[in-house]
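File shown: input.pdb (PDB, C-alpha atoms).
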```
ATOM      1  CA  MET O   1      11.731  -3.619 -25.981
ATOM      2  CA  ILE O   2      10.784  -1.074 -28.594
ATOM      3  CA  ARG O   3      13.977   0.913 -29.090
ATOM      4  CA  LYS O   4      13.325   2.698 -32.385
ATOM      5  CA  ILE O   5      10.065   4.204 -33.642
ATOM      6  CA  LEU O   6       9.973   5.728 -37.122
ATOM      7  CA  VAL O   7       7.563   8.597 -37.819
ATOM      8  CA  PRO O   8       7.604   9.689 -41.485
ATOM      9  CA  VAL O   9       6.213  13.220 -41.858
ATOM     10  CA  ARG O  10       5.343  15.757 -44.506
ATOM     11  CA  GLY O  11       3.444  19.028 -44.432
ATOM     12  CA  ASP O  12      -0.080  17.583 -44.214
ATOM     13  CA  GLY O  13      -0.893  18.776 -40.681
ATOM     14  CA  LYS O  14      -1.025  15.257 -39.193
ATOM     15  CA  GLY O  15       2.544  14.893 -38.002
ATOM     16  CA  ASP O  16       2.138  16.440 -34.544
ATOM     17  CA  ASN O  17      -0.621  14.025 -33.513
ATOM     18  CA  VAL O  18       1.313  10.993 -34.759
ATOM     19  CA  ILE O  19       4.446  12.157 -32.933
ATOM     20  CA  ALA O  20       2.426  12.702 -29.743
ATOM     21  CA  HIS O  21       1.087   9.124 -29.889
ATOM     22  CA  ALA O  22       4.585   7.795 -30.620
ATOM     23  CA  ALA O  23       5.871   9.766 -27.623
ATOM     24  CA  ALA O  24       3.227   8.234 -25.342
ATOM     25  CA  LEU O  25       4.473   4.775 -26.345
ATOM     26  CA  ALA O  26       8.130   5.837 -26.267
ATOM     27  CA  HIS O  27       7.876   6.958 -22.645
ATOM     28  CA  ARG O  28       6.661   3.466 -21.653
ATOM     29  CA  ASN O  29       9.556   1.819 -23.498
ATOM     30  CA  LYS O  30      12.329   4.470 -23.293
ATOM     31  CA  SER O  31      12.384   4.468 -27.096
ATOM     32  CA  HIS O  32      14.144   6.679 -29.626
ATOM     33  CA  ILE O  33      11.794   8.290 -32.157
ATOM     34  CA  VAL O  34      13.180   9.073 -35.604
ATOM     35  CA  ILE O  35      11.279  11.767 -37.488
ATOM     36  CA  ALA O  36      11.894  11.213 -41.203
ATOM     37  CA  HIS O  37      10.938  14.263 -43.241
ATOM     38  CA  CYS O  38      10.310  13.612 -46.911
ATOM     39  CA  ARG O  39      11.842  16.552 -48.766
ATOM     40  CA  ALA O  40      10.530  17.335 -52.240
ATOM     41  CA  ARG O  41      13.166  17.160 -54.966
ATOM     42  CA  PRO O  42      13.449  20.401 -56.956
ATOM     43  CA  GLN O  43      12.960  18.591 -60.278
ATOM     44  CA  ASP O  44       9.686  17.128 -59.015
ATOM     45  CA  MET O  45       8.304  20.644 -58.556
ATOM     46  CA  LEU O  46       8.706  21.602 -62.216
ATOM     47  CA  PRO O  47       5.589  21.486 -64.431
ATOM     48  CA  TYR O  48       5.390  18.046 -66.024
ATOM     49  CA  GLY O  49       5.651  17.842 -69.803
ATOM     50  CA  VAL O  50       6.169  21.582 -70.278
ATOM     51  CA  PRO O  51       9.339  22.571 -72.187
ATOM     52  CA  LEU O  52      11.187  25.359 -70.383
ATOM     53  CA  PRO O  53      14.067  27.600 -71.477
ATOM     54  CA  ALA O  54      17.305  26.589 -69.751
ATOM     55  CA  MET O  55      17.612  29.872 -67.840
ATOM     56  CA  PHE O  56      13.999  29.730 -66.637
ATOM     57  CA  ARG O  57      14.397  26.084 -65.640
ATOM     58  CA  LYS O  58      17.545  26.886 -63.643
ATOM     59  CA  GLN O  59      15.759  29.734 -61.868
ATOM     60  CA  MET O  60      12.794  27.520 -60.945
ATOM     61  CA  LEU O  61      15.082  24.783 -59.617
ATOM     62  CA  LYS O  62      16.895  27.315 -57.446
ATOM     63  CA  GLN O  63      13.622  28.672 -56.060
ATOM     64  CA  ALA O  64      12.346  25.149 -55.384
ATOM     65  CA  GLU O  65      15.554  24.305 -53.488
ATOM     66  CA  GLU O  66      15.274  27.472 -51.400
ATOM     67  CA  LEU O  67      11.625  26.708 -50.643
ATOM     68  CA  ALA O  68      12.527  23.178 -49.519
ATOM     69  CA  ASP O  69      15.290  24.579 -47.272
ATOM     70  CA  THR O  70      12.859  27.023 -45.670
ATOM     71  CA  GLU O  71      10.268  24.299 -45.097
ATOM     72  CA  GLU O  72      12.870  21.997 -43.554
ATOM     73  CA  GLU O  73      14.111  24.631 -41.096
ATOM     74  CA  SER O  74      10.552  25.569 -40.151
ATOM     75  CA  MET O  75       9.548  21.960 -39.508
ATOM     76  CA  LYS O  76      12.700  21.312 -37.501
ATOM     77  CA  ARG O  77      11.993  24.308 -35.242
ATOM     78  CA  GLU O  78       8.409  23.123 -34.765
ATOM     79  CA  LEU O  79       9.648  19.627 -33.913
ATOM     80  CA  GLN O  80      12.070  20.944 -31.307
ATOM     81  CA  ALA O  81       9.247  22.900 -29.657
ATOM     82  CA  LEU O  82       6.959  19.852 -29.778
ATOM     83  CA  ALA O  83       9.683  17.605 -28.335
ATOM     84  CA  GLU O  84      10.041  19.915 -25.348
ATOM     85  CA  LYS O  85       6.264  19.928 -24.853
ATOM     86  CA  LEU O  86       6.178  16.107 -24.979
ATOM     87  CA  ASP O  87       9.136  15.788 -22.591
ATOM     88  CA  LEU O  88      11.344  14.202 -25.251
ATOM     89  CA  THR O  89      15.089  14.812 -25.358
ATOM     90  CA  PHE O  90      16.014  16.089 -28.827
ATOM     91  CA  GLN O  91      19.151  14.289 -30.034
ATOM     92  CA  ASP O  92      20.220  12.430 -33.152
ATOM     93  CA  VAL O  93      21.127   9.152 -31.443
ATOM     94  CA  PRO O  94      19.413   7.231 -28.599
ATOM     95  CA  ASN O  95      20.818   7.417 -25.084
ATOM     96  CA  GLY O  96      20.854   3.705 -24.371
ATOM     97  CA  GLY O  97      17.267   3.455 -23.182
ATOM     98  CA  GLU O  98      17.645   5.856 -20.266
ATOM     99  CA  THR O  99      14.836   8.175 -21.422
ATOM    100  CA  ALA O 100      12.615   8.685 -24.452
ATOM    101  CA  THR O 101      14.401  10.672 -27.157
ATOM    102  CA  VAL O 102      13.667  12.046 -30.617
ATOM    103  CA  GLY O 103      15.859  12.780 -33.637
ATOM    104  CA  TRP O 104      15.459  14.106 -37.162
ATOM    105  CA  VAL O 105      16.512  12.870 -40.603
ATOM    106  CA  GLU O 106      15.921  14.556 -43.938
ATOM    107  CA  GLU O 107      15.450  12.518 -47.101
ATOM    108  CA  ALA O 108      14.773  13.782 -50.616
ATOM    109  CA  GLY O 109      12.393  11.819 -52.807
ATOM    110  CA  LYS O 110       9.063  10.059 -52.499
ATOM    111  CA  MET O 111       7.500   9.181 -49.148
ATOM    112  CA  VAL O 112       7.211   5.514 -50.157
ATOM    113  CA  ASP O 113      10.986   5.305 -50.668
ATOM    114  CA  VAL O 114      11.720   7.114 -47.392
ATOM    115  CA  ILE O 115       9.507   4.690 -45.465
ATOM    116  CA  ARG O 116      11.046   1.658 -47.160
ATOM    117  CA  ARG O 117      14.621   2.762 -46.478
ATOM    118  CA  HIS O 118      14.252   3.825 -42.851
ATOM    119  CA  GLY O 119      11.353   1.566 -41.855
ATOM    120  CA  ARG O 120      13.047  -1.791 -42.330
ATOM    121  CA  LEU O 121      15.375  -1.080 -39.420
ATOM    122  CA  ALA O 122      12.713   0.297 -37.076
ATOM    123  CA  ASP O 123      10.929  -1.630 -34.335
ATOM    124  CA  LEU O 124       7.686   0.201 -35.113
ATOM    125  CA  ILE O 125       6.470   2.645 -37.770
ATOM    126  CA  ALA O 126       3.841   5.226 -36.795
ATOM    127  CA  VAL O 127       1.651   6.709 -39.540
ATOM    128  CA  PRO O 128      -1.631   8.644 -39.576
ATOM    129  CA  GLN O 129      -4.943   7.032 -40.386
ATOM    130  CA  PRO O 130      -5.638   7.600 -44.098
ATOM    131  CA  ASP O 131      -7.988  10.488 -44.810
ATOM    132  CA  VAL O 132     -10.435   9.113 -47.358
ATOM    133  CA  ASP O 133     -12.125  12.467 -47.997
ATOM    134  CA  ARG O 134      -8.852  14.220 -48.857
ATOM    135  CA  ASN O 135      -7.173  11.128 -50.364
ATOM    136  CA  LEU O 136      -4.199  11.478 -48.006
ATOM    137  CA  GLY O 137      -2.107   8.905 -46.185
ATOM    138  CA  ALA O 138      -3.126   5.685 -47.945
ATOM    139  CA  ASN O 139       0.220   5.317 -49.726
ATOM    140  CA  SER O 140       2.163   5.843 -46.486
ATOM    141  CA  LEU O 141       0.188   3.121 -44.712
ATOM    142  CA  LYS O 142       0.561   0.742 -47.660
ATOM    143  CA  ALA O 143       4.305   1.368 -47.900
ATOM    144  CA  ALA O 144       4.780   0.774 -44.179
ATOM    145  CA  LEU O 145       2.709  -2.429 -44.218
ATOM    146  CA  PHE O 146       3.811  -4.010 -47.494
ATOM    147  CA  ARG O 147       7.360  -2.691 -48.022
ATOM    148  CA  THR O 148       9.029  -2.970 -44.610
ATOM    149  CA  GLY O 149       7.863  -6.142 -42.849
ATOM    150  CA  ARG O 150       7.541  -4.131 -39.635
ATOM    151  CA  PRO O 151       4.588  -3.542 -37.280
ATOM    152  CA  VAL O 152       2.714  -0.325 -38.052
ATOM    153  CA  LEU O 153       1.007   1.913 -35.512
ATOM    154  CA  MET O 154      -1.930   3.616 -37.231
ATOM    155  CA  VAL O 155      -2.880   6.780 -35.336
ATOM    156  CA  PRO O 156      -6.554   7.815 -35.612
ATOM    157  CA  ASN O 157      -7.336  11.271 -36.943
ATOM    158  CA  GLY O 158      -8.648  13.841 -34.493
ATOM    159  CA  VAL O 159      -8.015  11.688 -31.403
ATOM    160  CA  GLU O 160      -5.831  13.364 -28.800
ATOM    161  CA  ALA O 161      -2.834  11.359 -27.652
ATOM    162  CA  PRO O 162      -2.957  10.049 -24.068
ATOM    163  CA  THR O 163      -0.095  10.627 -21.651
ATOM    164  CA  GLU O 164       0.523   6.857 -21.747
ATOM    165  CA  LEU O 165      -0.255   4.411 -24.519
ATOM    166  CA  GLY O 166      -0.410   0.620 -24.353
ATOM    167  CA  ARG O 167      -1.697   0.116 -20.811
ATOM    168  CA  HIS O 168      -4.566  -2.157 -21.923
ATOM    169  CA  VAL O 169      -4.025  -3.865 -25.271
ATOM    170  CA  THR O 170      -6.552  -6.030 -27.087
ATOM    171  CA  VAL O 171      -5.371  -8.668 -29.574
ATOM    172  CA  ALA O 172      -7.568  -9.743 -32.492
ATOM    173  CA  TRP O 173      -7.184 -13.517 -32.790
ATOM    174  CA  ASN O 174      -8.470 -15.908 -35.452
ATOM    175  CA  GLY O 175      -5.535 -18.309 -35.693
ATOM    176  CA  SER O 176      -4.355 -16.912 -39.031
ATOM    177  CA  LEU O 177      -0.758 -16.426 -40.134
ATOM    178  CA  GLU O 178      -1.259 -12.646 -40.060
ATOM    179  CA  ALA O 179      -2.635 -12.782 -36.502
ATOM    180  CA  SER O 180       0.227 -14.955 -35.233
ATOM    181  CA  LYS O 181       2.814 -12.686 -36.844
ATOM    182  CA  ALA O 182       1.110  -9.647 -35.299
ATOM    183  CA  VAL O 183       1.362 -11.235 -31.847
ATOM    184  CA  THR O 184       5.039 -12.133 -32.129
ATOM    185  CA  MET O 185       6.020  -8.738 -33.545
ATOM    186  CA  ALA O 186       4.004  -6.892 -30.896
ATOM    187  CA  LEU O 187       5.453  -8.861 -27.954
ATOM    188  CA  PRO O 188       7.364  -5.817 -26.615
ATOM    189  CA  VAL O 189       4.118  -3.822 -26.510
ATOM    190  CA  LEU O 190       2.217  -6.690 -24.891
ATOM    191  CA  ARG O 191       4.973  -7.285 -22.352
ATOM    192  CA  SER O 192       4.906  -3.669 -21.182
ATOM    193  CA  ALA O 193       1.095  -3.529 -20.974
ATOM    194  CA  ALA O 194      -0.661  -3.646 -17.619
ATOM    195  CA  ARG O 195      -3.494  -5.675 -19.159
ATOM    196  CA  VAL O 196      -3.840  -7.830 -22.292
ATOM    197  CA  THR O 197      -7.131  -9.197 -23.627
ATOM    198  CA  VAL O 198      -7.458 -11.672 -26.495
ATOM    199  CA  LEU O 199     -10.520 -11.049 -28.669
ATOM    200  CA  SER O 200     -11.914 -14.198 -30.267
ATOM    201  CA  SER O 201     -15.124 -15.289 -31.937
ATOM    202  CA  GLY O 202     -14.104 -18.933 -31.527
ATOM    203  CA  GLY O 203     -13.816 -19.380 -35.275
ATOM    204  CA  GLU O 204     -10.410 -21.088 -35.386
ATOM    205  CA  PRO O 205     -11.331 -24.830 -35.398
ATOM    206  CA  VAL O 206      -8.249 -25.982 -37.336
ATOM    207  CA  SER O 207      -5.791 -23.374 -36.061
ATOM    208  CA  ALA O 208      -4.352 -22.333 -32.719
ATOM    209  CA  THR O 209      -7.173 -21.312 -30.389
ATOM    210  CA  ALA O 210      -7.456 -18.314 -28.102
ATOM    211  CA  GLU O 211      -6.534 -20.639 -25.224
ATOM    212  CA  ASP O 212      -3.390 -21.664 -27.120
ATOM    213  CA  LEU O 213      -2.497 -18.002 -27.541
ATOM    214  CA  VAL O 214      -2.979 -17.300 -23.826
ATOM    215  CA  ALA O 215      -0.633 -20.202 -23.034
ATOM    216  CA  TYR O 216       1.935 -18.887 -25.526
ATOM    217  CA  LEU O 217       1.793 -15.416 -23.986
ATOM    218  CA  ALA O 218       2.174 -16.925 -20.506
ATOM    219  CA  ALA O 219       5.436 -18.501 -21.677
ATOM    220  CA  HIS O 220       6.590 -14.929 -22.309
ATOM    221  CA  ASP O 221       5.454 -13.830 -18.830
ATOM    222  CA  ILE O 222       2.411 -12.045 -20.245
ATOM    223  CA  ASP O 223      -0.860 -12.591 -18.381
ATOM    224  CA  ALA O 224      -3.795 -12.428 -20.813
ATOM    225  CA  ALA O 225      -7.551 -12.919 -20.572
ATOM    226  CA  ILE O 226     -10.007 -13.977 -23.289
ATOM    227  CA  HIS O 227     -13.033 -11.977 -24.391
ATOM    228  CA  ARG O 228     -15.375 -13.721 -26.815
ATOM    229  CA  PHE O 229     -17.620 -11.862 -29.226
ATOM    230  CA  GLU O 230     -20.236 -12.784 -31.796
ATOM    231  CA  GLY O 231     -18.368 -13.644 -34.987
ATOM    232  CA  SER O 232     -21.164 -13.352 -37.522
ATOM    233  CA  GLY O 233     -21.496 -10.167 -39.543
ATOM    234  CA  LYS O 234     -18.840  -7.489 -39.591
ATOM    235  CA  VAL O 235     -15.897  -8.737 -37.545
ATOM    236  CA  GLY O 236     -13.965  -5.481 -37.913
ATOM    237  CA  LYS O 237     -16.834  -3.530 -36.396
ATOM    238  CA  ALA O 238     -17.137  -6.099 -33.588
ATOM    239  CA  LEU O 239     -13.407  -5.851 -32.782
ATOM    240  CA  LEU O 240     -13.588  -2.076 -32.416
ATOM    241  CA  ALA O 241     -16.754  -2.310 -30.326
ATOM    242  CA  ALA O 242     -15.268  -4.957 -28.010
ATOM    243  CA  SER O 243     -12.054  -2.963 -27.559
ATOM    244  CA  ALA O 244     -14.036   0.155 -26.667
ATOM    245  CA  GLU O 245     -16.309  -1.794 -24.308
ATOM    246  CA  LEU O 246     -13.293  -3.214 -22.461
ATOM    247  CA  GLY O 247     -11.650   0.199 -22.172
ATOM    248  CA  ALA O 248      -8.576  -0.782 -24.190
ATOM    249  CA  ASP O 249      -6.294   1.960 -25.479
ATOM    250  CA  MET O 250      -4.736  -0.058 -28.315
ATOM    251  CA  LEU O 251      -5.638  -2.929 -30.654
ATOM    252  CA  VAL O 252      -3.144  -5.369 -32.210
ATOM    253  CA  MET O 253      -4.166  -7.299 -35.312
ATOM    254  CA  GLY O 254      -2.950  -8.994 -38.470
ATOM    255  CA  ALA O 255      -3.691  -6.922 -41.558
ATOM    256  CA  TYR O 256      -5.068  -7.782 -44.975
ATOM    257  CA  GLY O 257      -5.356 -11.554 -44.895
ATOM    258  CA  ASP O 258      -7.028 -11.034 -48.254
ATOM    259  CA  SER O 259      -5.229  -8.795 -50.730
ATOM    260  CA  HIS O 260      -5.302  -5.064 -50.072
ATOM    261  CA  GLU O 261      -6.986  -4.452 -53.422
ATOM    262  CA  LYS O 262      -9.732  -7.002 -52.709
ATOM    263  CA  GLU O 263     -10.466  -5.577 -49.255
ATOM    264  CA  THR O 264     -10.465  -2.007 -50.563
ATOM    265  CA  ILE O 265     -12.915  -2.813 -53.347
ATOM    266  CA  PHE O 266     -15.188  -5.325 -51.644
ATOM    267  CA  GLY O 267     -14.662  -4.389 -48.010
ATOM    268  CA  GLY O 268     -13.013  -6.473 -45.316
ATOM    269  CA  ASN O 269     -12.184  -6.607 -41.622
ATOM    270  CA  THR O 270      -8.897  -4.740 -41.941
ATOM    271  CA  GLN O 271     -10.310  -2.097 -44.252
ATOM    272  CA  HIS O 272     -13.207  -1.425 -41.877
ATOM    273  CA  ILE O 273     -10.763  -0.830 -39.026
ATOM    274  CA  VAL O 274      -8.476   1.331 -41.175
ATOM    275  CA  ASP O 275     -11.469   3.451 -42.167
ATOM    276  CA  HIS O 276     -13.297   3.636 -38.819
ATOM    277  CA  ALA O 277     -10.869   3.105 -35.909
ATOM    278  CA  ARG O 278     -11.009   5.728 -33.148
ATOM    279  CA  MET O 279      -8.133   4.189 -31.219
ATOM    280  CA  PRO O 280      -4.501   3.436 -32.124
ATOM    281  CA  VAL O 281      -4.100   0.115 -33.943
ATOM    282  CA  ILE O 282      -0.928  -1.901 -34.499
ATOM    283  CA  LEU O 283      -1.211  -3.605 -37.892
ATOM    284  CA  VAL O 284       1.091  -6.358 -39.170
ATOM    285  CA  HIS O 285       1.027  -7.901 -42.647
TER     286      HIS O 285
END
```

Using the file provided, produce a representation of the structure as structure tokens.
Amino acid sequence: MIRKILVPVRGDGKGDNVIAHAAALAHRNKSHIVIAHCRARPQDMLPYGVPLPAMFRKQMLKQAEELADTEEESMKRELQALAEKLDLTFQDVPNGGETATVGWVEEAGKMVDVIRRHGRLADLIAVPQPDVDRNLGANSLKAALFRTGRPVLMVPNGVEAPTELGRHVTVAWNGSLEASKAVTMALPVLRSAARVTVLSSGGEPVSATAEDLVAYLAAHDIDAAIHRFEGSGKVGKALLAASAELGADMLVMGAYGDSHEKETIFGGNTQHIVDHARMPVILVH
């Protein structure tokens, strides 16, 4: 079961939607959501490379600390109101899987460090889809994928959270190491789904086939079907189209079989999905 979901947040306006998606999954699994707020350090808010008189520097540090305190209290109040709206019990520790709960932790420093510290002991990390136009969110996704070893739920921008998430899950399968790791790490999600569909283009001649995967899932009491799609051209686009056609509400896939830098520069299946997904995607690297 998914017992702990980490949601790292900052004041970028995307936190509420990510929390709402995490809540939809938490209600299916009776999970505890941990909201990790990345608090700016006062020294990071000083102008870089500008010499300041000691008294002026002290005054600016004090003001920065007070501003961070105000922001923290404001966000915590907003979270408590959102938790009530989402039918989440607000408490610092889980209640043993009786109901979905949510808690809050505050961490000073960089978002990458907050994700690395708290993410490695989470069952799932939920982050927003990167906003290419505003250059926001890419570092959070990269930190979650490459610094924690945990599955990452990428929440699409501007897509309202359903009341339930993970009823029909599609699995992108090509027999790769990344795909097999994604399956094993997403087993709790697949086990709680009402329907699981394996997406395959049949291009795994020397690796485990889609039929092999269905048999493996059956050993875990998961009934899965196979949907084949045309594998030529843009596979990422085909995976999203097939998932939408089947009415799935979540896609599970291995991420960045090629290096992140190579896919970002030259394009790739994962990068296409990161850029264009309109449904929640669980990514595993």

Tell me which residues the PyMOL selection byres ((chain O and resi 37) around 12) grabs here, as a short mmCIF file (atom, residue, chain, number, x, y, z; two decimals) with C-alpha atoms, in the frame of the given file.
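The new file part35.cif reads:
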```
data_model
loop_
_atom_site.label_atom_id
_atom_site.label_comp_id
_atom_site.auth_asym_id
_atom_site.auth_seq_id
_atom_site.Cartn_x
_atom_site.Cartn_y
_atom_site.Cartn_z
CA LEU O 6 9.97 5.73 -37.12
CA VAL O 7 7.56 8.60 -37.82
CA PRO O 8 7.60 9.69 -41.48
CA VAL O 9 6.21 13.22 -41.86
CA ARG O 10 5.34 15.76 -44.51
CA GLY O 11 3.44 19.03 -44.43
CA ASP O 12 -0.08 17.58 -44.21
CA GLY O 15 2.54 14.89 -38.00
CA VAL O 34 13.18 9.07 -35.60
CA ILE O 35 11.28 11.77 -37.49
CA ALA O 36 11.89 11.21 -41.20
CA CYS O 38 10.31 13.61 -46.91
CA ARG O 39 11.84 16.55 -48.77
CA ALA O 40 10.53 17.34 -52.24
CA ALA O 68 12.53 23.18 -49.52
CA ASP O 69 15.29 24.58 -47.27
CA GLU O 71 10.27 24.30 -45.10
CA GLU O 72 12.87 22.00 -43.55
CA GLU O 73 14.11 24.63 -41.10
CA SER O 74 10.55 25.57 -40.15
CA MET O 75 9.55 21.96 -39.51
CA LYS O 76 12.70 21.31 -37.50
CA LEU O 79 9.65 19.63 -33.91
CA GLY O 103 15.86 12.78 -33.64
CA TRP O 104 15.46 14.11 -37.16
CA VAL O 105 16.51 12.87 -40.60
CA GLU O 106 15.92 14.56 -43.94
CA GLU O 107 15.45 12.52 -47.10
CA ALA O 108 14.77 13.78 -50.62
CA GLY O 109 12.39 11.82 -52.81
CA LYS O 110 9.06 10.06 -52.50
CA MET O 111 7.50 9.18 -49.15
CA VAL O 112 7.21 5.51 -50.16
CA ASP O 113 10.99 5.30 -50.67
CA VAL O 114 11.72 7.11 -47.39
CA ILE O 115 9.51 4.69 -45.46
CA HIS O 118 14.25 3.82 -42.85
#
```

Coordinates-based distance that separates atom CA of O:Met1 from atom CA of O:His220 (Å, one decimal): 13.0 Å

Name the closest residue to O:Ser201 among the candidates O:Phe90, O:Trp173, O:Tyr256, O:Phe229; distances are taken between atoms, counting all atoms listed in the file. O:Phe229

Taking all atoms listed in the file into account, which of O:Asn157, O:Thr209, O:Ser243, O:Thr184 comes nearest O:Thr197? O:Ser243

Enumerate, as a ChimeraX atom specification, the residues matched when the PyMOL selection byres ((chain O and resi 125-128) around 6) is run on the file above. /O:5-7,124,129,152-155
